[in-house]
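File shown: data.tsv (TSV, C-alpha atoms and all ligand atoms).
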```
chain	number	residue	atom	x	y	z
A	15	MET	CA	9.01	26.21	-10.52
A	16	GLY	CA	12.13	24.11	-10.94
A	17	LYS	CA	12.67	21.28	-13.34
A	18	PRO	CA	10.94	18.24	-11.85
A	19	ASP	CA	12.70	14.97	-11.08
A	20	THR	CA	11.26	12.76	-13.78
A	21	SER	CA	13.40	9.68	-13.27
A	22	HIS	CA	10.37	7.68	-12.12
A	23	LEU	CA	7.95	8.80	-14.80
A	24	PRO	CA	6.17	6.23	-16.93
A	25	TYR	CA	6.90	7.67	-20.32
A	26	GLU	CA	10.02	7.56	-22.39
A	27	SER	CA	8.28	10.20	-24.47
A	28	SER	CA	8.67	13.94	-24.42
A	29	PHE	CA	7.29	15.44	-21.25
A	30	VAL	CA	7.19	19.19	-20.83
A	31	PRO	CA	9.47	20.18	-17.94
A	32	GLU	CA	6.92	22.26	-16.06
A	33	ILE	CA	5.10	21.31	-12.85
A	34	LEU	CA	1.37	21.91	-13.17
A	35	THR	CA	-1.25	22.17	-10.43
A	36	GLU	CA	-4.92	21.17	-10.53
A	37	ASP	CA	-5.85	24.76	-11.35
A	38	HIS	CA	-3.80	24.78	-14.54
A	39	ARG	CA	-6.08	25.47	-17.50
A	40	ILE	CA	-5.88	23.29	-20.60
A	41	LYS	CA	-7.52	23.14	-23.99
A	42	PHE	CA	-7.43	19.54	-25.04
A	43	ALA	CA	-9.92	17.19	-26.65
A	44	CYS	CA	-9.87	13.52	-27.49
A	45	HIS	CA	-12.76	11.66	-29.15
A	46	PRO	CA	-13.28	9.01	-31.82
A	47	GLY	CA	-13.36	11.72	-34.50
A	48	VAL	CA	-9.79	12.95	-33.99
A	49	SER	CA	-7.39	12.28	-36.83
A	50	CYS	CA	-5.01	10.55	-34.44
A	51	PHE	CA	-7.60	8.26	-32.86
A	52	ASN	CA	-5.79	5.39	-31.09
A	53	ALA	CA	-2.35	6.69	-32.13
A	54	CYS	CA	-1.35	6.81	-28.45
A	55	CYS	CA	-2.41	3.15	-27.93
A	56	LYS	CA	-0.37	2.15	-30.97
A	57	GLN	CA	2.74	3.51	-29.27
A	58	ALA	CA	1.89	2.55	-25.74
A	59	ASP	CA	4.39	2.95	-22.93
A	60	VAL	CA	2.04	2.57	-19.98
A	61	MET	CA	3.32	2.06	-16.48
A	62	LEU	CA	0.84	0.27	-14.23
A	63	ALA	CA	0.10	1.08	-10.63
A	64	PRO	CA	-1.22	-1.63	-8.26
A	65	TYR	CA	-4.86	-0.59	-8.53
A	66	ASP	CA	-4.64	-0.74	-12.35
A	67	VAL	CA	-3.71	-4.41	-12.11
A	68	ILE	CA	-6.70	-5.12	-9.87
A	69	ARG	CA	-9.10	-3.37	-12.25
A	70	LEU	CA	-7.69	-5.05	-15.35
A	71	LYS	CA	-7.52	-8.58	-13.96
A	72	HIS	CA	-11.16	-8.28	-12.84
A	73	LYS	CA	-12.16	-6.93	-16.25
A	74	LEU	CA	-10.39	-9.80	-18.01
A	75	GLY	CA	-11.61	-12.37	-15.47
A	76	ILE	CA	-8.14	-13.75	-14.74
A	77	SER	CA	-5.80	-13.97	-11.75
A	78	SER	CA	-3.06	-11.45	-11.04
A	79	GLU	CA	-0.45	-14.09	-11.95
A	80	GLU	CA	-2.06	-14.68	-15.36
A	81	PHE	CA	-2.45	-10.97	-15.98
A	82	LEU	CA	1.18	-10.20	-15.10
A	83	LYS	CA	2.44	-13.09	-17.22
A	84	ASN	CA	0.38	-12.36	-20.33
A	85	TYR	CA	-0.15	-8.61	-20.36
A	86	THR	CA	2.84	-6.97	-18.70
A	87	VAL	CA	6.61	-6.61	-18.84
A	88	PRO	CA	8.77	-5.74	-15.85
A	89	TRP	CA	10.90	-2.63	-15.63
A	90	GLU	CA	13.34	-1.41	-13.02
A	91	MET	CA	11.88	1.58	-11.22
A	92	ASP	CA	14.99	2.65	-9.34
A	93	SER	CA	18.63	1.87	-8.72
A	94	ASP	CA	17.74	-0.38	-5.75
A	95	GLY	CA	16.10	-2.80	-8.14
A	96	ILE	CA	12.48	-2.06	-7.29
A	97	ILE	CA	10.46	-3.66	-10.06
A	98	GLY	CA	7.36	-2.13	-11.62
A	99	VAL	CA	5.32	-3.33	-14.57
A	100	LYS	CA	4.25	-1.81	-17.87
A	101	LEU	CA	1.60	-2.96	-20.29
A	102	ARG	CA	3.01	-5.47	-22.77
A	103	THR	CA	2.87	-4.37	-26.41
A	104	THR	CA	3.34	-5.95	-29.82
A	105	GLU	CA	6.72	-5.56	-31.48
A	106	ASP	CA	5.31	-2.43	-33.13
A	107	LYS	CA	4.54	-1.03	-29.67
A	108	ALA	CA	0.77	-1.42	-29.98
A	109	CYS	CA	-1.08	-2.15	-26.73
A	110	LEU	CA	-2.39	-5.73	-26.55
A	111	LEU	CA	-5.66	-4.44	-25.13
A	112	MET	CA	-6.55	-2.48	-28.26
A	113	ASP	CA	-8.56	-3.67	-31.24
A	114	ASP	CA	-9.80	-1.88	-34.36
A	115	SER	CA	-12.59	-0.19	-32.46
A	116	GLY	CA	-10.28	1.13	-29.75
A	117	CYS	CA	-9.57	0.21	-26.17
A	118	THR	CA	-11.20	-3.11	-25.20
A	119	VAL	CA	-10.96	-2.34	-21.48
A	120	TYR	CA	-11.99	1.31	-21.69
A	121	GLU	CA	-14.06	1.38	-18.47
A	122	ASP	CA	-11.14	-0.14	-16.59
A	123	ARG	CA	-8.23	1.40	-18.48
A	124	PRO	CA	-5.19	2.28	-16.35
A	125	ALA	CA	-4.68	5.64	-14.67
A	126	ALA	CA	-1.81	6.54	-17.03
A	127	CYS	CA	-4.14	6.10	-20.03
A	128	ARG	CA	-6.75	8.28	-18.34
A	129	TYR	CA	-4.23	11.00	-17.63
A	130	TYR	CA	-2.58	10.97	-21.05
A	131	PRO	CA	-1.31	13.40	-22.35
A	132	PHE	CA	-0.82	14.53	-18.77
A	133	GLY	CA	0.69	12.64	-15.90
A	134	LEU	CA	0.56	12.56	-12.12
A	135	MET	CA	3.72	13.25	-10.19
A	136	GLY	CA	4.10	12.83	-6.43
A	137	VAL	CA	6.58	15.35	-5.04
A	138	LYS	CA	8.11	15.35	-1.57
A	139	HIS	CA	10.18	18.40	-0.74
A	140	THR	CA	13.03	17.64	1.63
A	141	GLU	CA	11.81	20.10	4.28
A	142	ALA	CA	8.09	19.27	3.92
A	143	LYS	CA	6.30	16.77	6.16
A	144	THR	CA	3.76	15.73	3.55
A	145	ASP	CA	3.97	15.11	-0.17
A	146	GLU	CA	2.07	16.97	-2.89
A	147	GLN	CA	0.46	15.75	-6.05
A	148	ASN	CA	1.38	17.69	-9.15
A	149	TYR	CA	1.04	17.11	-12.86
A	150	PHE	CA	3.11	17.31	-16.01
A	151	ARG	CA	2.27	17.49	-19.70
A	152	ILE	CA	3.43	15.18	-22.49
A	153	GLU	CA	3.73	16.49	-25.99
A	154	GLU	CA	4.11	13.91	-28.71
A	155	ASP	CA	3.81	14.55	-32.41
A	156	HIS	CA	1.20	11.86	-32.90
A	157	CYS	CA	-1.22	13.40	-30.37
A	158	LYS	CA	-3.35	16.05	-32.06
A	159	GLY	CA	-5.67	16.61	-29.10
A	160	HIS	CA	-3.76	19.75	-28.16
A	161	GLN	CA	-4.72	21.32	-31.47
A	162	GLU	CA	-8.32	20.13	-31.36
A	163	GLU	CA	-9.64	23.67	-31.10
A	164	SER	CA	-8.53	24.30	-34.66
A	165	PHE	CA	-10.98	21.69	-35.98
A	166	LEU	CA	-13.38	21.55	-33.05
A	167	PRO	CA	-13.92	25.23	-32.14
A	168	GLU	CA	-16.35	24.47	-29.30
A	169	THR	CA	-13.57	22.72	-27.33
A	170	LYS	CA	-13.62	24.49	-24.00
A	171	GLU	CA	-10.76	25.48	-21.78
A	172	ILE	CA	-10.94	23.44	-18.57
A	173	THR	CA	-8.79	23.01	-15.49
A	174	LEU	CA	-6.75	19.90	-14.90
A	175	ARG	CA	-9.06	19.22	-11.95
A	176	GLU	CA	-12.03	19.08	-14.36
A	177	TYR	CA	-10.04	16.97	-16.80
A	178	ARG	CA	-9.26	14.45	-14.05
A	179	GLN	CA	-12.94	14.28	-13.12
A	180	SER	CA	-13.96	13.75	-16.74
A	181	GLN	CA	-11.51	10.83	-17.01
A	182	GLY	CA	-12.65	9.17	-13.77
A	183	VAL	CA	-9.11	9.13	-12.48
A	184	GLU	CA	-9.82	10.15	-8.90
A	185	GLU	CA	-10.75	6.64	-7.79
A	186	PHE	CA	-7.48	5.33	-9.22
A	187	ASP	CA	-5.45	8.02	-7.46
A	188	LYS	CA	-7.25	7.28	-4.18
A	189	HIS	CA	-6.24	3.62	-4.26
A	190	ASN	CA	-2.73	4.28	-5.60
A	191	LEU	CA	-1.83	7.14	-3.27
A	192	ASP	CA	-0.35	4.89	-0.58
A	193	TRP	CA	1.78	3.19	-3.24
A	194	ILE	CA	3.06	6.57	-4.53
A	195	ARG	CA	3.81	7.56	-0.92
A	196	LEU	CA	5.62	4.30	-0.30
A	197	MET	CA	7.80	4.86	-3.36
A	198	LEU	CA	8.49	8.49	-2.38
A	199	LYS	CA	9.35	7.43	1.15
A	200	LYS	CA	11.70	4.77	-0.13
A	201	LYS	CA	13.31	7.33	-2.40
A	202	SER	CA	13.63	10.07	0.23
A	203	ALA	CA	14.86	7.62	2.91
A	204	GLY	CA	17.79	6.84	0.59
A	205	PRO	CA	20.67	4.89	2.08
A	206	SER	CA	19.35	5.34	5.65
A	207	VAL	CA	17.06	2.31	5.20
A	208	GLY	CA	19.77	0.40	3.36
A	209	THR	CA	19.51	-1.53	0.13
A	210	PRO	CA	16.44	-3.76	0.27
A	211	SER	CA	17.15	-7.50	0.38
A	212	VAL	CA	16.04	-9.69	-2.52
A	213	GLU	CA	13.33	-11.13	-0.23
A	214	SER	CA	11.91	-7.70	0.64
A	215	LEU	CA	11.88	-6.73	-3.06
A	216	GLN	CA	9.96	-9.92	-3.81
A	217	VAL	CA	7.48	-9.17	-1.04
A	218	LEU	CA	7.14	-5.60	-2.33
A	219	PHE	CA	6.30	-6.83	-5.82
A	220	MET	CA	3.88	-9.47	-4.57
A	221	ALA	CA	2.01	-7.15	-2.17
A	222	THR	CA	1.59	-4.40	-4.74
A	223	TYR	CA	1.11	-6.22	-8.05
A	224	ASP	CA	0.58	-9.93	-7.54
A	225	ILE	CA	-2.36	-9.58	-5.20
A	226	ASP	CA	-3.76	-13.12	-5.54
A	227	ARG	CA	-0.39	-14.63	-4.62
A	228	PHE	CA	-0.11	-12.15	-1.75
A	229	ARG	CA	-3.46	-13.37	-0.40
A	230	ARG	CA	-2.18	-16.97	-0.40
A	231	PHE	CA	1.00	-15.77	1.35
A	232	VAL	CA	-0.87	-13.87	4.09
A	233	THR	CA	-3.28	-16.72	4.78
A	234	SER	CA	-0.57	-19.41	4.73
A	235	PRO	CA	0.37	-21.34	7.92
A	236	ASN	CA	3.92	-19.95	7.68
A	237	PHE	CA	2.70	-16.34	7.79
A	238	LYS	CA	0.46	-17.15	10.75
A	239	LYS	CA	3.42	-18.67	12.56
A	240	VAL	CA	5.28	-15.35	12.38
A	241	TYR	CA	2.60	-12.63	12.48
A	242	ALA	CA	-0.19	-12.21	15.01
A	243	LEU	CA	-2.65	-10.62	12.61
A	244	GLU	CA	-6.06	-9.78	14.00
A	245	GLN	CA	-8.99	-11.96	12.78
A	246	GLU	CA	-10.86	-8.82	11.66
A	247	THR	CA	-8.16	-8.18	9.02
A	248	TYR	CA	-8.28	-11.80	7.82
A	249	ASP	CA	-12.05	-11.45	7.39
A	250	GLU	CA	-11.63	-8.20	5.46
A	251	ILE	CA	-8.99	-9.44	3.04
A	252	GLU	CA	-10.54	-12.83	2.34
A	253	ASN	CA	-12.42	-11.73	-0.77
A	254	ASP	CA	-11.68	-8.03	-1.06
A	255	ASP	CA	-8.69	-7.06	-3.23
A	256	ILE	CA	-8.82	-3.39	-2.22
A	257	ALA	CA	-8.73	-4.30	1.49
A	258	LEU	CA	-5.83	-6.66	0.75
A	259	LEU	CA	-3.96	-3.95	-1.16
A	260	LYS	CA	-4.45	-1.60	1.78
A	261	PHE	CA	-3.16	-4.24	4.17
A	262	GLY	CA	-0.21	-4.78	1.79
A	263	TYR	CA	0.86	-1.13	2.20
A	264	ARG	CA	0.63	-1.51	5.99
A	265	PHE	CA	2.68	-4.71	5.85
A	266	LEU	CA	5.29	-3.15	3.55
A	267	LYS	CA	5.76	-0.17	5.87
A	268	GLN	CA	6.67	-2.67	8.57
A	269	VAL	CA	8.94	-4.78	6.34
A	270	LEU	CA	10.71	-1.87	4.61
A	271	PHE	CA	10.74	0.89	7.21
A	272	GLY	CA	10.20	-0.89	10.53
A	273	GLU	CA	6.86	0.90	11.17
A	274	LYS	CA	5.49	-1.82	13.35
A	275	THR	CA	1.70	-2.28	13.35
A	276	ILE	CA	1.53	-6.07	13.25
A	277	ASP	CA	2.70	-7.98	16.31
A	278	LEU	CA	5.14	-10.78	15.77
A	279	ILE	CA	4.26	-14.12	17.35
A	280	GLU	CA	7.54	-14.08	19.28
A	281	ASP	CA	6.38	-10.81	20.92
A	282	GLU	CA	3.05	-12.43	21.78
A	283	VAL	CA	4.83	-15.41	23.35
A	284	LYS	CA	7.04	-13.02	25.33
A	285	LYS	CA	4.02	-10.98	26.44
A	286	ARG	CA	2.16	-14.09	27.58
A	287	SER	CA	5.15	-15.50	29.46
A	288	GLU	CA	5.54	-12.13	31.24
A	289	GLU	CA	1.88	-12.29	32.25
A	290	ARG	CA	2.29	-15.90	33.44
A	291	LYS	CA	5.35	-14.85	35.45
A	292	GLU	CA	3.28	-12.18	37.20
A	293	ILE	CA	0.69	-14.83	38.16
A	294	TRP	CA	3.38	-17.22	39.42
A	295	ASP	CA	4.95	-14.44	41.48
A	296	LEU	CA	1.58	-13.68	43.07
A	297	ARG	CA	0.97	-17.39	43.77
A	298	HIS	CA	4.40	-17.71	45.28
A	299	LYS	CA	3.74	-14.72	47.54
A	300	LEU	CA	0.44	-16.26	48.62
A	301	GLU	CA	2.05	-19.59	49.43
A	302	MET	CA	4.77	-17.90	51.41
A	303	GLU	CA	2.20	-15.98	53.43
A	304	GLN	CA	0.21	-19.14	54.03
A	305	ALA	CA	3.35	-20.83	55.24
A	306	GLN	CA	4.08	-17.93	57.55
A	307	LEU	CA	0.57	-18.11	59.00
A	308	ASN	CA	1.05	-21.78	59.76
A	309	ASP	CA	4.38	-21.07	61.37
A	310	PRO	CA	3.95	-21.30	65.15
A	311	ARG	CA	6.29	-18.34	65.49
A	312	TYR	CA	3.49	-16.23	64.02
A	313	ASP	CA	0.76	-17.71	66.19
A	314	PRO	CA	-0.87	-14.70	67.90
A	315	GLU	CA	-1.03	-16.65	71.10
A	316	VAL	CA	2.70	-17.11	70.88
A	317	MET	CA	3.40	-13.68	69.40
A	318	GLY	CA	0.56	-11.97	71.22
A	319	ASP	CA	0.05	-9.90	68.13
A	320	GLU	CA	-3.50	-10.01	66.65
A	321	VAL	CA	-2.84	-6.96	64.49
A	322	MET	CA	0.01	-8.63	62.61
A	323	ARG	CA	-2.16	-11.69	61.88
A	324	ASP	CA	-5.06	-9.55	60.66
A	325	ASP	CA	-2.73	-7.64	58.33
A	326	MET	CA	-1.37	-10.86	56.89
A	327	LEU	CA	-4.88	-12.26	56.36
A	328	LYS	CA	-5.84	-9.07	54.55
A	329	GLU	CA	-2.75	-9.26	52.32
A	330	MET	CA	-3.50	-12.90	51.55
A	331	GLU	CA	-7.04	-12.04	50.49
A	332	GLN	CA	-5.72	-9.32	48.20
A	333	ALA	CA	-3.12	-11.63	46.66
A	334	LYS	CA	-5.77	-14.33	46.14
A	335	GLN	CA	-8.05	-11.82	44.41
A	336	ALA	CA	-5.19	-10.62	42.16
A	337	VAL	CA	-4.42	-14.21	41.09
A	338	GLN	CA	-8.11	-14.81	40.30
A	339	ASP	CA	-8.28	-11.55	38.29
A	340	LYS	CA	-5.17	-12.45	36.29
A	341	ASP	CA	-6.48	-15.95	35.58
A	342	LYS	CA	-9.70	-14.46	34.20
A	343	GLU	CA	-7.81	-12.23	31.67
B	401	LIG	S1	-5.20	0.07	-22.07
B	401	LIG	FE1	-6.59	0.93	-23.56
B	401	LIG	S2	-6.25	3.12	-23.46
B	401	LIG	FE2	-4.51	2.16	-22.49
B	401	LIG	S3	-2.95	1.93	-24.09
B	401	LIG	FE3	-4.14	0.03	-24.02
B	401	LIG	S4	-5.75	0.28	-25.52
B	401	LIG	FE4	-4.93	2.30	-25.07
B	402	LIG	S1	-5.84	12.93	-29.21
B	402	LIG	FE1	-4.02	12.09	-28.21
B	402	LIG	S2	-4.93	10.90	-26.57
B	402	LIG	FE2	-6.57	11.23	-28.07
B	402	LIG	S3	-6.46	9.50	-29.48
B	402	LIG	FE3	-5.20	11.11	-30.32
B	402	LIG	S4	-3.16	10.55	-29.57
B	402	LIG	FE4	-4.59	9.50	-28.29
```

Render the structure in this file as structure tokens.
Amino acid sequence: MGKPDTSHLPYESSFVPEILTEDHRIKFACHPGVSCFNACCKQADVMLAPYDVIRLKHKLGISSEEFLKNYTVPWEMDSDGIIGVKLRTTEDKACLLMDDSGCTVYEDRPAACRYYPFGLMGVKHTEAKTDEQNYFRIEEDHCKGHQEESFLPETKEITLREYRQSQGVEEFDKHNLDWIRLMLKKKSAGPSVGTPSVESLQVLFMATYDIDRFRRFVTSPNFKKVYALEQETYDEIENDDIALLKFGYRFLKQVLFGEKTIDLIEDEVKKRSEERKEIWDLRHKLEMEQAQLNDPRYDPEVMGDEVMRDDMLKEMEQAKQAVQDKDKE
């Protein structure tokens, strides 16, 4: 196990440089009785993933714009200027979502809070086709959960898999996986995809974090002028933030990496004009044949050739049928 690349990790705090798998066994306990209760929330450095924002804005009953403005601060995730967000804190570093009794959004707390004092790390080996999800451990002096067994002897040893289940983090990982993959892909693509333009960085931020603004963007007349998005997708994303987030990842793959899954209107126009051209060609052929039939030089009595006339009539019928079929499409 080598030292992991931690440049993208959410914590400025001391992580342990060891990659852990789901089978790694831990002995850790956190409950309202621990001497350090809420100490982690008083020194919060919590990076948010897109699904966290959706959960929290719903919990607080506000829009993504309001949530981002009032509860987050931006931070630069990489040297290309990709912007992520962290939970805003007081000057003393206390999370704004905490009160004396603890976390006020506990049921909807972010994935990083659920994982703490562990963290999820997406890893893509250069030679591998797929990425893997691994974990790391954070050891901070204020967190006494690692020593819980000394004052809570019944604390059991569990695997990280069981710990994740107990924290309800799987749903978060499911909805954030595409985002992690997008970031890994961006990172591993390196200079081959070039430095993203300011516009594509803005779209990236909007589609991942500012979901309500992204919905207005996707349903705007300007978007519809450029993209031929199927009605089924519009119906899905109308009121469903998760569906919209999913569509956002699809859209970003097209914008950032050229993985085209949404037709551009200009392609549609081109496709339709090609189809029209086919119909006009068939019509032209038909007219030419009609003209030939009316030409006295092709009169069977003049030409003495019934077979030729029959062939031409047959061809005309076929051309007529083809034009009718095309018109029906
Ligand atoms: S969201 Fe809740 S659990 Fe997370 S740092 Fe804030 S108060 Fe603590
Ligand atoms: S044990 Fe760690 S995670 Fe639990 S309250 Fe204390 S500092 Fe926070």

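Checking A:Cys109, A:Val232, A:Met220, A:Val269 one by one against Glu252 in chain A, counting all atoms listed in the file, you find the shortest gap at A:Val232.
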
Legend entry - Nearest candidate to ligand LIG 402 (chain B) (options A:Phe132, A:Tyr241, A:Phe228, A:Phe261; using only C-alpha atoms and all ligand atoms):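 Closest to ligand LIG 402 (chain B), using only C-alpha atoms and all ligand atoms: A:Phe132.
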
Inset, instruction - List all protein, DNA and RNA residues that have an atom no more than 8 Å from any atom of ligand LIG 401 (chain B), counting all atoms listed in the file, and report them as a ChimeraX atom specification. - result: /A:52,54-60,101,108-113,116-120,123-124,126-128

Which residues of chain A come within 9 Å of ligand LIG 402 (chain B), and what is each one's closest atom pair and distance in Å (one decimal), counting only C-alpha atoms and all ligand atoms, sorted by chain and residue number, as a tab-separated table?
```
residue	atom	partner	partner_atom	distance
A:Phe42	CA	B:LIG402	S1	8.0
A:Ala43	CA	B:LIG402	S1	6.4
A:Cys44	CA	B:LIG402	FE2	4.1
A:His45	CA	B:LIG402	FE2	6.3
A:Pro46	CA	B:LIG402	S3	7.2
A:Gly47	CA	B:LIG402	S3	8.8
A:Val48	CA	B:LIG402	FE3	6.2
A:Ser49	CA	B:LIG402	FE3	7.0
A:Cys50	CA	B:LIG402	FE3	4.2
A:Phe51	CA	B:LIG402	S3	3.8
A:Asn52	CA	B:LIG402	S3	4.5
A:Ala53	CA	B:LIG402	S4	4.7
A:Cys54	CA	B:LIG402	FE4	4.2
A:Cys55	CA	B:LIG402	FE4	6.7
A:Lys56	CA	B:LIG402	FE4	8.9
A:Cys127	CA	B:LIG402	S2	8.2
A:Arg128	CA	B:LIG402	S2	8.8
A:Tyr129	CA	B:LIG402	S2	9.0
A:Tyr130	CA	B:LIG402	S2	6.0
A:Pro131	CA	B:LIG402	S2	6.1
A:Glu154	CA	B:LIG402	S4	8.1
A:Asp155	CA	B:LIG402	S4	8.5
A:His156	CA	B:LIG402	S4	5.6
A:Cys157	CA	B:LIG402	S4	3.5
A:Lys158	CA	B:LIG402	S1	4.9
A:Gly159	CA	B:LIG402	S1	3.7
A:His160	CA	B:LIG402	S1	7.2
A:Gln161	CA	B:LIG402	S1	8.8
A:Glu162	CA	B:LIG402	S1	7.9
```

Would you mind exporting the chosen residues as a PDB file, in the frame of the given file, restricted to C-alpha atoms?
```pdb
ATOM      1  CA  PHE A  42      -7.430  19.540 -25.040  1.00  0.00           C
ATOM      2  CA  ALA A  43      -9.920  17.190 -26.650  1.00  0.00           C
ATOM      3  CA  CYS A  44      -9.870  13.520 -27.490  1.00  0.00           C
ATOM      4  CA  HIS A  45     -12.760  11.660 -29.150  1.00  0.00           C
ATOM      5  CA  PRO A  46     -13.280   9.010 -31.820  1.00  0.00           C
ATOM      6  CA  GLY A  47     -13.360  11.720 -34.500  1.00  0.00           C
ATOM      7  CA  VAL A  48      -9.790  12.950 -33.990  1.00  0.00           C
ATOM      8  CA  SER A  49      -7.390  12.280 -36.830  1.00  0.00           C
ATOM      9  CA  CYS A  50      -5.010  10.550 -34.440  1.00  0.00           C
ATOM     10  CA  PHE A  51      -7.600   8.260 -32.860  1.00  0.00           C
ATOM     11  CA  ASN A  52      -5.790   5.390 -31.090  1.00  0.00           C
ATOM     12  CA  ALA A  53      -2.350   6.690 -32.130  1.00  0.00           C
ATOM     13  CA  CYS A  54      -1.350   6.810 -28.450  1.00  0.00           C
ATOM     14  CA  CYS A  55      -2.410   3.150 -27.930  1.00  0.00           C
ATOM     15  CA  LYS A  56      -0.370   2.150 -30.970  1.00  0.00           C
ATOM     16  CA  CYS A 127      -4.140   6.100 -20.030  1.00  0.00           C
ATOM     17  CA  ARG A 128      -6.750   8.280 -18.340  1.00  0.00           C
ATOM     18  CA  TYR A 129      -4.230  11.000 -17.630  1.00  0.00           C
ATOM     19  CA  TYR A 130      -2.580  10.970 -21.050  1.00  0.00           C
ATOM     20  CA  PRO A 131      -1.310  13.400 -22.350  1.00  0.00           C
ATOM     21  CA  GLU A 154       4.110  13.910 -28.710  1.00  0.00           C
ATOM     22  CA  ASP A 155       3.810  14.550 -32.410  1.00  0.00           C
ATOM     23  CA  HIS A 156       1.200  11.860 -32.900  1.00  0.00           C
ATOM     24  CA  CYS A 157      -1.220  13.400 -30.370  1.00  0.00           C
ATOM     25  CA  LYS A 158      -3.350  16.050 -32.060  1.00  0.00           C
ATOM     26  CA  GLY A 159      -5.670  16.610 -29.100  1.00  0.00           C
ATOM     27  CA  HIS A 160      -3.760  19.750 -28.160  1.00  0.00           C
ATOM     28  CA  GLN A 161      -4.720  21.320 -31.470  1.00  0.00           C
ATOM     29  CA  GLU A 162      -8.320  20.130 -31.360  1.00  0.00           C
TER      30      GLU A 162
END
```

Legend entry - Length of the CA of Asp37 in chain A to CA of Lys188 in chain A vector [Å]: 18.9 Å

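Residue nearest Ile97 in chain A within the list A:Ile256, A:Leu218, A:Ile40, A:Leu278: A:Leu218 [criterion: smallest interatomic distance, all atoms listed in the file].
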
Inset, instruction - Between A:Gln179, A:Thr209, A:Asn84, A:Thr35, single out the one closest to Gln147 in chain A, counting all atoms listed in the file. - result: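 Comparing A:Gln179, A:Thr209, A:Asn84, A:Thr35 against Gln147 in chain A, the winner is A:Thr35.
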
Legend entry - Nearest to Tyr263 in chain A by atom-to-atom distance, counting only C-alpha atoms, from A:Ser211, A:Gln181, A:Asn190, A:Thr247: A:Asn190

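Here CA of His189 in chain A is placed at a distance of 22.6 Å from CA of Gly272 in chain A.
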
Legend entry - Atom-to-atom span, CA of Asp92 in chain A and CA of Met197 in chain A, Å: 9.6 Å

Legend entry - Residue with smallest distance to Gly95 in chain A - pool A:Phe219, A:Pro31, A:Lys107, A:Leu191, counting all atoms listed in the file: A:Phe219

Quick one: residues within 10 Å of Leu243 in chain A, only C-alpha atoms counted, chain neighbours fewer than 6 positions away excluded, as a PDB file with C-alpha atoms, in the coordinates of the input?
```
ATOM      1  CA  VAL A 232      -0.870 -13.870   4.090  1.00  0.00           C
ATOM      2  CA  THR A 233      -3.280 -16.720   4.780  1.00  0.00           C
ATOM      3  CA  PHE A 237       2.700 -16.340   7.790  1.00  0.00           C
ATOM      4  CA  THR A 275       1.700  -2.280  13.350  1.00  0.00           C
ATOM      5  CA  ILE A 276       1.530  -6.070  13.250  1.00  0.00           C
ATOM      6  CA  ASP A 277       2.700  -7.980  16.310  1.00  0.00           C
ATOM      7  CA  LEU A 278       5.140 -10.780  15.770  1.00  0.00           C
ATOM      8  CA  ILE A 279       4.260 -14.120  17.350  1.00  0.00           C
TER       9      ILE A 279
END
```

Inset, instruction - Give as number ranges by chain the set of residues within 6 Å of the point (-8.6, 21.7, -17.2), where distances use the file's coordinates and only C-alpha atoms. - result: A: 39-40, 172-177
